Amino acid sequence: MKSIIFKSVAAVAVFAFILSSCKKDTQEPETTTGNGQVSVKLFHHWGMESTKFQMNTDYTHPMNGDTMSFSTYKYYISNFRLKKSDGTWWKHPESYFLVDLSNEASTTLSLGSIPAGEYIEMSYVLGVDSLRNVSGAQSGALSPSNDMFWSWMTGYVMIKAEGQSPQSSTGNFAFHLGGFSGQYSVVATKSVTFSNPLTITTGKTSEVHFDVNTAMTWCTSGSCAGTSSVMMPGAAAFQMATDFHNGFNFDHIVE
Amino acid sequence: MKHFLIFIILTGLFACKKEIIKTEWIGLSYPSYFPDPVYKFNNNELTVQRFALGKKLFFDKNLSLDGTIACASCHAQSHGFADHNVSFSSGVGGALGTRNSPSIANMIWSPSFMWDGGVNHIEVFSVAPITNPLEMKETMAHVVSKLNADSEYLILFKEAYGVSQINDQVMLRALTNYMSMIVSCNSKYDKVKQGKASFTTLENNGYTLFQAKCATCHTEPLFTNYSYINNGLDSVFTDLGRARITFNDLDRGKFKVPSLRNVTLTYPYMHDGRFWTLDQVLDHYSEGIKPSSTLHPSLVDGIPLSIDEKSAIKAFLGTLKDNELLNNRLFY
């Protein structure tokens, strides 16, 4: 009995070996589907204004009436994922971007090597996911040298906005909105379902446009006369971050 | 000619390394009764090149704004890797910090860093002193640019991490390699644990008392349980401690329990360096506890100790001094 089992196992093994070697011989490089790219383009504007947001320019806040001029306006966006029509997800590896409104190039985010096909949903995170906040020294967009990292209470700032406002008692304002855990986490996963699927074509770049209303951050917090500085996690940071998130919206696709 | 050049470069490298490491490299070692370290060296395996580079960085005053303060300035081997017996450390321009500089020995076992536990990972720990305006007052970006302008650092980083350009990630990882090796595990207490020495009668009495009255928080073998407690220093808090990080009122006045290894060298004591002697510390626990709403329940009535008991505990604490670490040529 034992020897019969052994013989059949051996036969199967030999057969499998022959099969696998056959397969190797006949295998050809994949040519049917290749990879395409997505260029995420972020269009920033102030309130109802349709022109591009400018740094160091006086703006009037549409709700609280403050005059605000920005010397710093930057934020993190991370963890881009795309959902295929069959329900499976493609994850962009090392997907961390620091969008700096004083650097035009940083408002276009390149997602490379996406398998060709149709995608029905895009998901992303505003801020840096909690895992990277607890995993030690990071590099690239997440380097502490980018000045978006709290050293005294480890964690990334989701959005940093600084500048001048005559309504502020000091003349200045500084909002560093962060916190990655608990009820006041400012990190938010957002997603957009495409009514017409996003088609990724081999060797081509498709554009996904987002509209960012930079004034939204202050739509609940009120005038800089009241609060001109938020530097730690908590209810105030959470409210402002949530308002910023709500001002960040999918606009259209260009294929 | 080409080979000759390579030979010269290699000799140069070897010379550098010899200069930094004066003793035999045996890597990380600790006794079997120590727990597994919290730090796992992920993407930052311990190597002699990385350690040597971390050591050079640790002693490099150029990590501070005006080239006056190094990590080693406030974490001195001769003082158990704490500061030179000052309540608050001096930073750039003589600025004084607000908390006592603690020992950085046995960091790889610590789940959090700083008196309030605000830093969650050993690799990002160094960002805090480097960028604190009361300490080294630098920016990470500027430190990195200074390092990239230094040809010797470029060679050492290439050798240690295979990078041709230095970034803050490899800089922080190299410092972590150095700090990871600062392990205090060769005190008399350890020798006794290992059966290689024995306590005097007084030390032994002190050990028994310590286990009964102190070890709940100062848990062996690292002599801390890494919790945050209010040990009754104040009724009104000028420093909120742990609450500064958690924003929780129940954490007001709580600070991380410090390790007691090398405690005879690391005075003054407490987060603000208010006690200069172990006598003052023991008197505090015995008869000086101040009430407050967040006071640790076990300290409400203090820890009453007789004069003899205090002497015995002090004798035991003396056995936590680790002369091998204090004199180990690997670190200086």
# chains A, B, ... in the order shown; residues from 1 in each chain; ligands from 1
>>> closest_atom_pairs(of="chain A", to="chain B", cutoff="6 Å", atoms="only C-alpha atoms", output="Markdown table")
| residue | atom | partner | partner_atom | distance |
| --- | --- | --- | --- | --- |
| A:Gly136 | CA | B:Glu123 | CA | 4.9 |
| A:Ala137 | CA | B:Gln169 | CA | 5.1 |
| A:Gln138 | CA | B:Gln169 | CA | 5.6 |
| A:Ser139 | CA | B:Gln169 | CA | 5.6 |
| A:Ser145 | CA | B:Ala141 | CA | 4.5 |
| A:Ser151 | CA | B:Ala128 | CA | 4.7 |
| A:Trp152 | CA | B:Gly118 | CA | 5.7 |
| A:Met153 | CA | B:Gly118 | CA | 4.3 |
| A:Thr154 | CA | B:Val119 | CA | 5.0 |
>>> residues_around(residues="range 187-193 of chain B", least_positions_apart="3", cutoff="6 Å", atoms="only C-alpha atoms", output="JSON list (two decimals) with N, CA, C and O atoms, in the first residue's frame")
[["chain", "number", "residue", "atom", "x", "y", "z"],
["B", 196, "LYS", "N", 27.48, 36.13, 40.13],
["B", 196, "LYS", "CA", 28.92, 36.41, 40.07],
["B", 196, "LYS", "C", 29.37, 37.30, 41.22],
["B", 196, "LYS", "O", 30.54, 37.64, 41.32],
["B", 197, "ALA", "N", 28.44, 37.76, 42.02],
["B", 197, "ALA", "CA", 28.78, 38.62, 43.16],
["B", 197, "ALA", "C", 27.67, 38.45, 44.19],
["B", 197, "ALA", "O", 26.64, 37.83, 43.91],
["B", 198, "SER", "N", 27.89, 39.00, 45.37],
["B", 198, "SER", "CA", 26.80, 38.95, 46.34],
["B", 198, "SER", "C", 26.67, 40.30, 47.04],
["B", 198, "SER", "O", 27.64, 41.05, 47.19],
["B", 319, "THR", "N", 24.05, 49.79, 44.12],
["B", 319, "THR", "CA", 24.47, 48.61, 43.35],
["B", 319, "THR", "C", 23.98, 48.68, 41.90],
["B", 319, "THR", "O", 24.29, 47.81, 41.10],
["B", 320, "LEU", "N", 23.20, 49.72, 41.57],
["B", 320, "LEU", "CA", 22.71, 49.87, 40.19],
["B", 320, "LEU", "C", 23.68, 50.68, 39.33],
["B", 320, "LEU", "O", 23.42, 50.95, 38.16],
["B", 321, "LYS", "N", 24.79, 51.09, 39.95],
["B", 321, "LYS", "CA", 25.82, 51.82, 39.19],
["B", 321, "LYS", "C", 26.57, 50.83, 38.31],
["B", 321, "LYS", "O", 27.05, 49.80, 38.78],
["B", 322, "ASP", "N", 26.67, 51.18, 37.05],
["B", 322, "ASP", "CA", 27.24, 50.27, 36.05],
["B", 322, "ASP", "C", 28.59, 50.80, 35.57],
["B", 322, "ASP", "O", 28.68, 51.52, 34.57]]
>>> closest_residue(among="B:Glu135, B:Asp66, B:Glu152, B:Asp251", to="Ser293 in chain B", atoms="only C-alpha atoms")
B:Asp251
>>> atom_distance(atom1="CA of Ser164 in chain B", atom2="CA of Asp129 in chain A")
29.2 Å
>>> closest_residue(among="A:Ala116, A:Val40, A:Ala225, A:Ala237", to="Asp211 in chain A", atoms="only C-alpha atoms")
A:Val40
>>> closest_residue(among="A:Thr72, A:His209, A:Met231, A:Ala241", to="Trp150 in chain A", atoms="only C-alpha atoms")
A:Met231
>>> closest_residue(among="A:Asp86, A:Glu162, A:Asp251, A:Asp66", to="Phe194 in chain A", atoms="only C-alpha atoms")
A:Asp251
>>> residues_around(residues="Phe210 in chain A", least_positions_apart="5", cutoff="6 Å", atoms="only C-alpha atoms", output="short mmCIF file (atom, residue, chain, number, x, y, z; two decimals) with N, CA, C and O atoms, in the first residue's frame")
data_model
loop_
_atom_site.label_atom_id
_atom_site.label_comp_id
_atom_site.auth_asym_id
_atom_site.auth_seq_id
_atom_site.Cartn_x
_atom_site.Cartn_y
_atom_site.Cartn_z
N LEU A 42 -4.61 69.31 -8.74
CA LEU A 42 -5.34 70.01 -7.68
C LEU A 42 -5.46 71.48 -8.04
O LEU A 42 -4.45 72.16 -8.22
N ASN A 249 -12.69 68.52 -3.16
CA ASN A 249 -13.68 67.70 -3.88
C ASN A 249 -13.26 67.34 -5.30
O ASN A 249 -12.61 68.13 -5.99
N PHE A 250 -13.68 66.14 -5.71
CA PHE A 250 -13.45 65.68 -7.08
C PHE A 250 -14.17 66.61 -8.04
O PHE A 250 -15.29 67.07 -7.78
N ASP A 251 -13.52 66.89 -9.17
CA ASP A 251 -14.16 67.77 -10.15
C ASP A 251 -14.47 67.03 -11.45
O ASP A 251 -15.62 66.86 -11.80
#
>>> residues_around(residues="Asn172 in chain A", least_positions_apart="4", cutoff="10 Å", atoms="only C-alpha atoms", output="compact mmCIF listing (two decimals) with C-alpha atoms, in the first residue's frame")
# COMPACT_ATOMS: atom_id res chain seq x y z
CA MET A 68 -5.95 87.04 5.08
CA SER A 69 -2.65 86.82 3.23
CA PHE A 70 -0.82 83.49 3.25
CA GLU A 162 0.38 80.79 8.19
CA GLY A 163 0.23 84.42 7.21
CA GLN A 164 -0.97 87.89 8.10
CA SER A 165 -4.35 89.25 9.02
CA PRO A 166 -5.15 92.73 10.38
CA GLN A 167 -8.00 91.16 12.35
CA SER A 168 -5.51 89.13 14.43
CA CYS A 224 -8.69 85.58 13.44
CA SER A 228 -5.37 83.27 15.30
CA SER A 229 -3.37 80.23 16.32
>>> residues_around(residues="Gly127 in chain A", least_positions_apart="6", cutoff="8 Å", atoms="only C-alpha atoms", output="ChimeraX atom specification")
/A:75-78,156-159,186-188
>>> write_last_selection(atoms="N, CA and C atoms", output="mmCIF file, in the first residue's frame")
data_model
loop_
_atom_site.group_PDB
_atom_site.id
_atom_site.type_symbol
_atom_site.label_atom_id
_atom_site.label_comp_id
_atom_site.auth_asym_id
_atom_site.auth_seq_id
_atom_site.Cartn_x
_atom_site.Cartn_y
_atom_site.Cartn_z
ATOM 1 N N TYR A 75 -0.226 70.991 2.803
ATOM 2 C CA TYR A 75 -0.950 69.885 3.433
ATOM 3 C C TYR A 75 -0.534 68.547 2.830
ATOM 4 N N TYR A 76 -0.821 67.476 3.587
ATOM 5 C CA TYR A 76 -0.503 66.126 3.124
ATOM 6 C C TYR A 76 -1.717 65.459 2.502
ATOM 7 N N ILE A 77 -1.463 64.715 1.436
ATOM 8 C CA ILE A 77 -2.468 63.820 0.878
ATOM 9 C C ILE A 77 -1.747 62.499 0.601
ATOM 10 N N SER A 78 -2.393 61.390 0.912
ATOM 11 C CA SER A 78 -1.681 60.113 0.859
ATOM 12 C C SER A 78 -2.604 58.948 0.514
ATOM 13 N N TYR A 156 2.563 63.890 12.288
ATOM 14 C CA TYR A 156 2.576 64.826 11.168
ATOM 15 C C TYR A 156 1.436 65.822 11.275
ATOM 16 N N VAL A 157 1.736 67.044 10.867
ATOM 17 C CA VAL A 157 0.719 68.072 10.741
ATOM 18 C C VAL A 157 -0.028 67.761 9.442
ATOM 19 N N MET A 158 -1.366 67.787 9.461
ATOM 20 C CA MET A 158 -2.125 67.506 8.239
ATOM 21 C C MET A 158 -2.061 68.720 7.319
ATOM 22 N N ILE A 159 -2.303 69.883 7.916
ATOM 23 C CA ILE A 159 -2.279 71.116 7.128
ATOM 24 C C ILE A 159 -1.634 72.228 7.955
ATOM 25 N N VAL A 186 -7.264 64.258 12.798
ATOM 26 C CA VAL A 186 -7.540 65.105 11.630
ATOM 27 C C VAL A 186 -7.285 64.343 10.326
ATOM 28 N N VAL A 187 -6.938 63.071 10.457
ATOM 29 C CA VAL A 187 -6.660 62.262 9.272
ATOM 30 C C VAL A 187 -7.977 61.684 8.762
ATOM 31 N N ALA A 188 -8.279 61.924 7.484
ATOM 32 C CA ALA A 188 -9.574 61.481 6.960
ATOM 33 C C ALA A 188 -9.409 60.720 5.653
#
